[in-house]
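Listing of structure.pdb; format and content: PDB, C-alpha atoms.
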MODEL        1
ATOM      1  CA  MET K   1      18.492 -12.857   1.812  1.00  0.00           C
ATOM      2  CA  ASP K   2      21.135 -11.235  -0.376  1.00  0.00           C
ATOM      3  CA  LEU K   3      20.327  -8.093  -2.380  1.00  0.00           C
ATOM      4  CA  GLN K   4      20.081  -9.885  -5.723  1.00  0.00           C
ATOM      5  CA  MET K   5      17.561 -12.402  -4.347  1.00  0.00           C
ATOM      6  CA  ARG K   6      15.652  -9.605  -2.609  1.00  0.00           C
ATOM      7  CA  ASP K   7      15.423  -7.602  -5.839  1.00  0.00           C
ATOM      8  CA  ARG K   8      14.190 -10.641  -7.787  1.00  0.00           C
ATOM      9  CA  LYS K   9      11.505 -11.211  -5.142  1.00  0.00           C
ATOM     10  CA  ILE K  10      10.487  -7.544  -5.234  1.00  0.00           C
ATOM     11  CA  PHE K  11      10.218  -7.636  -9.031  1.00  0.00           C
ATOM     12  CA  ARG K  12       8.044 -10.784  -8.949  1.00  0.00           C
ATOM     13  CA  ASP K  13       5.876  -9.186  -6.259  1.00  0.00           C
ATOM     14  CA  ALA K  14       5.636  -5.948  -8.272  1.00  0.00           C
ATOM     15  CA  SER K  15       4.448  -7.915 -11.290  1.00  0.00           C
ATOM     16  CA  ASP K  16       1.768  -9.631  -9.191  1.00  0.00           C
ATOM     17  CA  LEU K  17       0.703  -6.269  -7.732  1.00  0.00           C
ATOM     18  CA  TRP K  18       0.434  -4.709 -11.198  1.00  0.00           C
ATOM     19  CA  HIS K  19      -1.925  -7.530 -12.230  1.00  0.00           C
ATOM     20  CA  GLU K  20      -3.923  -7.123  -9.023  1.00  0.00           C
ATOM     21  CA  LEU K  21      -4.221  -3.400  -9.721  1.00  0.00           C
ATOM     22  CA  GLN K  22      -5.641  -4.166 -13.174  1.00  0.00           C
ATOM     23  CA  GLU K  23      -8.175  -6.630 -11.743  1.00  0.00           C
ATOM     24  CA  THR K  24      -9.262  -4.951  -8.490  1.00  0.00           C
ATOM     25  CA  ARG K  25      -8.112  -1.311  -8.937  1.00  0.00           C
ATOM     26  CA  GLY K  26      -6.036  -1.470  -5.747  1.00  0.00           C
ATOM     27  CA  PHE K  27      -3.662  -3.383  -3.485  1.00  0.00           C
ATOM     28  CA  SER K  28      -1.936  -3.371  -0.125  1.00  0.00           C
ATOM     29  CA  TYR K  29       1.441  -5.059   0.199  1.00  0.00           C
ATOM     30  CA  ARG K  30       4.053  -5.841   2.786  1.00  0.00           C
ATOM     31  CA  PRO K  31       7.221  -7.541   1.509  1.00  0.00           C
ATOM     32  CA  ASP K  32       7.733  -9.782   4.526  1.00  0.00           C
ATOM     33  CA  VAL K  33       4.208 -11.259   4.769  1.00  0.00           C
ATOM     34  CA  SER K  34       2.407 -13.471   2.292  1.00  0.00           C
ATOM     35  CA  GLU K  35      -1.152 -12.440   3.143  1.00  0.00           C
ATOM     36  CA  LEU K  36      -2.920  -9.270   4.140  1.00  0.00           C
ATOM     37  CA  PRO K  37      -4.638  -9.053   7.501  1.00  0.00           C
ATOM     38  CA  ASP K  38      -8.241 -10.265   7.374  1.00  0.00           C
ATOM     39  CA  TYR K  39      -9.295  -7.606   9.875  1.00  0.00           C
ATOM     40  CA  GLY K  40      -8.429  -3.993  10.626  1.00  0.00           C
ATOM     41  CA  TYR K  41      -8.046  -0.953   8.401  1.00  0.00           C
ATOM     42  CA  MET K  42      -5.451   0.672   6.146  1.00  0.00           C
ATOM     43  CA  VAL K  43      -4.867   4.428   6.439  1.00  0.00           C
ATOM     44  CA  GLY K  44      -2.734   6.394   3.975  1.00  0.00           C
ATOM     45  CA  GLN K  45       0.275   8.664   4.394  1.00  0.00           C
ATOM     46  CA  SER K  46       2.260   6.760   7.020  1.00  0.00           C
ATOM     47  CA  LEU K  47       4.868   8.848   8.829  1.00  0.00           C
ATOM     48  CA  GLY K  48       3.905  11.868   6.744  1.00  0.00           C
ATOM     49  CA  HIS K  49       5.236  10.195   3.593  1.00  0.00           C
ATOM     50  CA  PRO K  50       3.611  11.843   0.562  1.00  0.00           C
ATOM     51  CA  THR K  51       1.485   9.966  -1.935  1.00  0.00           C
ATOM     52  CA  VAL K  52       3.110   9.483  -5.345  1.00  0.00           C
ATOM     53  CA  THR K  53       0.729   9.804  -8.297  1.00  0.00           C
ATOM     54  CA  VAL K  54       1.764   8.358 -11.634  1.00  0.00           C
ATOM     55  CA  ARG K  55      -0.180   8.649 -14.886  1.00  0.00           C
ATOM     56  CA  THR K  56       1.081   5.355 -16.267  1.00  0.00           C
ATOM     57  CA  CYS K  57       1.842   2.632 -13.757  1.00  0.00           C
ATOM     58  CA  THR K  58       3.944  -0.366 -14.767  1.00  0.00           C
ATOM     59  CA  THR K  59       5.563  -3.270 -12.957  1.00  0.00           C
ATOM     60  CA  GLU K  60       8.778  -1.221 -13.016  1.00  0.00           C
ATOM     61  CA  THR K  61       7.041   1.755 -11.337  1.00  0.00           C
ATOM     62  CA  ILE K  62       5.802  -0.443  -8.497  1.00  0.00           C
ATOM     63  CA  TYR K  63       9.173  -2.207  -8.257  1.00  0.00           C
ATOM     64  CA  GLN K  64      11.044   1.100  -7.895  1.00  0.00           C
ATOM     65  CA  PHE K  65       8.567   2.361  -5.260  1.00  0.00           C
ATOM     66  CA  ILE K  66       9.000  -0.820  -3.201  1.00  0.00           C
ATOM     67  CA  ARG K  67      12.811  -0.664  -3.487  1.00  0.00           C
ATOM     68  CA  ALA K  68      12.871   3.010  -2.515  1.00  0.00           C
ATOM     69  CA  ASN K  69      10.800   2.313   0.607  1.00  0.00           C
ATOM     70  CA  TRP K  70      12.044  -1.176   1.569  1.00  0.00           C
ATOM     71  CA  SER K  71      13.996  -0.154   4.696  1.00  0.00           C
ATOM     72  CA  LEU K  72      11.207   2.054   5.988  1.00  0.00           C
ATOM     73  CA  ILE K  73       8.521  -0.589   5.485  1.00  0.00           C
ATOM     74  CA  THR K  74      10.468  -3.444   7.024  1.00  0.00           C
ATOM     75  CA  ALA K  75      11.374  -1.280  10.046  1.00  0.00           C
ATOM     76  CA  HIS K  76       7.702  -0.581  10.893  1.00  0.00           C
ATOM     77  CA  PRO K  77       5.521  -3.690  11.384  1.00  0.00           C
ATOM     78  CA  GLN K  78       2.245  -1.812  10.811  1.00  0.00           C
ATOM     79  CA  MET K  79       3.357  -0.248   7.518  1.00  0.00           C
ATOM     80  CA  TYR K  80       2.341  -1.470   4.063  1.00  0.00           C
ATOM     81  CA  ILE K  81       2.499  -0.141   0.520  1.00  0.00           C
ATOM     82  CA  GLY K  82      -0.868   0.811  -0.896  1.00  0.00           C
ATOM     83  CA  GLY K  83      -1.760   1.350  -4.525  1.00  0.00           C
ATOM     84  CA  TRP K  84      -5.055   2.346  -6.088  1.00  0.00           C
ATOM     85  CA  MET K  85      -6.252   3.343  -9.500  1.00  0.00           C
ATOM     86  CA  HIS K  86      -8.337   6.464 -10.135  1.00  0.00           C
ATOM     87  CA  ASN K  87      -9.372   8.629 -13.092  1.00  0.00           C
ATOM     88  CA  THR K  88      -6.027  10.391 -13.530  1.00  0.00           C
ATOM     89  CA  GLY K  89      -3.590   7.576 -12.775  1.00  0.00           C
ATOM     90  CA  VAL K  90      -2.390   5.449  -9.878  1.00  0.00           C
ATOM     91  CA  ASP K  91      -1.487   6.552  -6.370  1.00  0.00           C
ATOM     92  CA  LEU K  92       1.296   4.735  -4.527  1.00  0.00           C
ATOM     93  CA  ASP K  93       1.495   5.383  -0.822  1.00  0.00           C
ATOM     94  CA  LEU K  94       2.831   4.086   2.465  1.00  0.00           C
ATOM     95  CA  VAL K  95      -0.155   3.042   4.561  1.00  0.00           C
ATOM     96  CA  THR K  96      -0.619   2.125   8.205  1.00  0.00           C
ATOM     97  CA  TRP K  97      -2.581  -0.907   9.388  1.00  0.00           C
ATOM     98  CA  VAL K  98      -4.654  -0.310  12.531  1.00  0.00           C
ATOM     99  CA  ALA K  99      -7.036  -2.713  14.279  1.00  0.00           C
ATOM    100  CA  SER K 100      -9.974  -0.429  15.109  1.00  0.00           C
ATOM    101  CA  GLN K 101     -12.234   1.527  12.786  1.00  0.00           C
ATOM    102  CA  SER K 102     -12.443   4.497  15.171  1.00  0.00           C
ATOM    103  CA  ARG K 103      -8.632   4.780  15.294  1.00  0.00           C
ATOM    104  CA  ALA K 104      -8.421   4.408  11.502  1.00  0.00           C
ATOM    105  CA  GLU K 105     -11.023   7.130  10.968  1.00  0.00           C
ATOM    106  CA  SER K 106      -9.260   9.434  13.433  1.00  0.00           C
ATOM    107  CA  LEU K 107      -5.893   8.904  11.693  1.00  0.00           C
ATOM    108  CA  GLY K 108      -7.562   9.373   8.302  1.00  0.00           C
ATOM    109  CA  TYR K 109      -9.063  12.704   9.315  1.00  0.00           C
ATOM    110  CA  ASP K 110      -5.771  13.838  10.902  1.00  0.00           C
ATOM    111  CA  ARG K 111      -3.888  12.968   7.686  1.00  0.00           C
ATOM    112  CA  GLY K 112      -6.452  14.592   5.381  1.00  0.00           C
ATOM    113  CA  GLU K 113      -7.406  11.283   3.778  1.00  0.00           C
ATOM    114  CA  GLN K 114     -10.623  10.915   1.783  1.00  0.00           C
ATOM    115  CA  ALA K 115     -11.089   7.253   2.689  1.00  0.00           C
ATOM    116  CA  ILE K 116      -9.752   4.270   4.620  1.00  0.00           C
ATOM    117  CA  TYR K 117      -9.718   0.610   3.574  1.00  0.00           C
ATOM    118  CA  ASP K 118     -11.575  -2.097   5.522  1.00  0.00           C
ATOM    119  CA  CYS K 119      -9.476  -5.296   5.337  1.00  0.00           C
ATOM    120  CA  ALA K 120     -12.327  -7.574   6.506  1.00  0.00           C
ATOM    121  CA  SER K 121     -14.902  -6.522   3.912  1.00  0.00           C
ATOM    122  CA  ARG K 122     -12.257  -5.568   1.296  1.00  0.00           C
ATOM    123  CA  SER K 123     -14.050  -2.254   0.808  1.00  0.00           C
ATOM    124  CA  VAL K 124     -13.407   1.482   0.980  1.00  0.00           C
ATOM    125  CA  ILE K 125     -14.940   3.605   3.733  1.00  0.00           C
ATOM    126  CA  HIS K 126     -15.262   7.241   2.656  1.00  0.00           C
ATOM    127  CA  LEU K 127     -14.531   9.827   5.331  1.00  0.00           C
TER     128      LEU K 127
ENDMDL
END
Please render this file's structure as C-alpha cells.
Amino acid sequence: MDLQMRDRKIFRDASDLWHELQETRGFSYRPDVSELPDYGYMVGQSLGHPTVTVRTCTTETIYQFIRANWSLITAHPQMYIGGWMHNTGVDLDLVTWVASQSRAESLGYDRGEQAIYDCASRSVIHL
C-alpha cells in the first residue's frame, strides 16, 4: 500500500473511531485487522509509551495519533491503539492485548493502570 492510500485509510478509520468514541466512550484499534479479538484483555501503556490526554478530540486528533504510531503498532502484533473518554477529555494510548486475565492484571498493576479492558464482555475491569 502506498503512503497516500495508507493515509486515506487511516483518515477513514479515524473518522469511524471518532464516531465510536461518541457512541461507546471508547475504542481499541489495530490498523491491519478489521475486527477486535473476541477474547483476552487490553492493558494500557505499551512499551512505556505515555498516554496522551486531549481536551477536545477530533477525527484529526485520532488520525495524527495513528500516523505518529503506525510503525510501532504494525511492528508489534499484540499492540493496539486505545481511546477512551472521561470527565476531562479523551486519552489516547498504545495498549497491549494479552490472552489471560491474570497476566493482564499483573501488567496493569506493573504499569500503574487503573483498569484493564475485557474484550469478551466489552467491559472495564477496575484494578
- Message: I'd like to see the residues matched by the PyMOL selection byres ((chain K and resi 113) around 12) on this file, and ideally I'd get them as a ChimeraX atom specification.
- Response: /K:42-46,48,50-51,93,95,104-112,114-117,124-127
- Task: Identify the residues within 12 Å of coordinate (5.2, -0.8, -1.3) (same frame as the file), considering all atoms listed in the file, and give the answer as an MDAnalysis selection string.
- Result: chainID K and resid 10:11 13:14 17:18 27:32 44 46 51:52 59 61:74 79:84 91:96
- Task: Work out how far atom CA of Asp7 of chain K is from atom CA of His19 of chain K, in Å to one decimal.
- Result: 18.5 Å
- Asn87 of chain K proximity check over K:Ser100, K:Thr53, K:Gln4, K:Thr24, using all atoms listed in the file: winner is K:Thr53
I'd like the box whose edges run along x, y and z of the file and which contains every listed atom of segment 78-84 of chain K, padded by 5 Å per side; could you state its centre and edge lengths in Å, one decimal, as JSON?
{"center_x": -0.8, "center_y": 0.3, "center_z": 2.4, "size_x": 18.4, "size_y": 14.2, "size_z": 26.9}
- May I ask for the distance between atom CA of Cys57 of chain K and atom CA of Glu23 of chain K, given in Å to one decimal place?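 It comes out at 13.8 Å.
A straight line drawn from atom CA of Asp118 of chain K to atom CA of Gly40 of chain K is 6.3 Å long.
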- Query: Of the residues K:Val54, K:Val33, K:Leu21, K:Ala120, which is the one nearest to Gln101 of chain K, using all atoms listed in the file?
  - Reply: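 For Gln101 of chain K, the nearest of the given residues is K:Ala120.
Compared by their closest atoms to Trp97 of chain K, and using all atoms listed in the file, the residues K:Gln22, K:Ser121, K:Ser15, K:Gln78 rank with K:Gln78 nearest.
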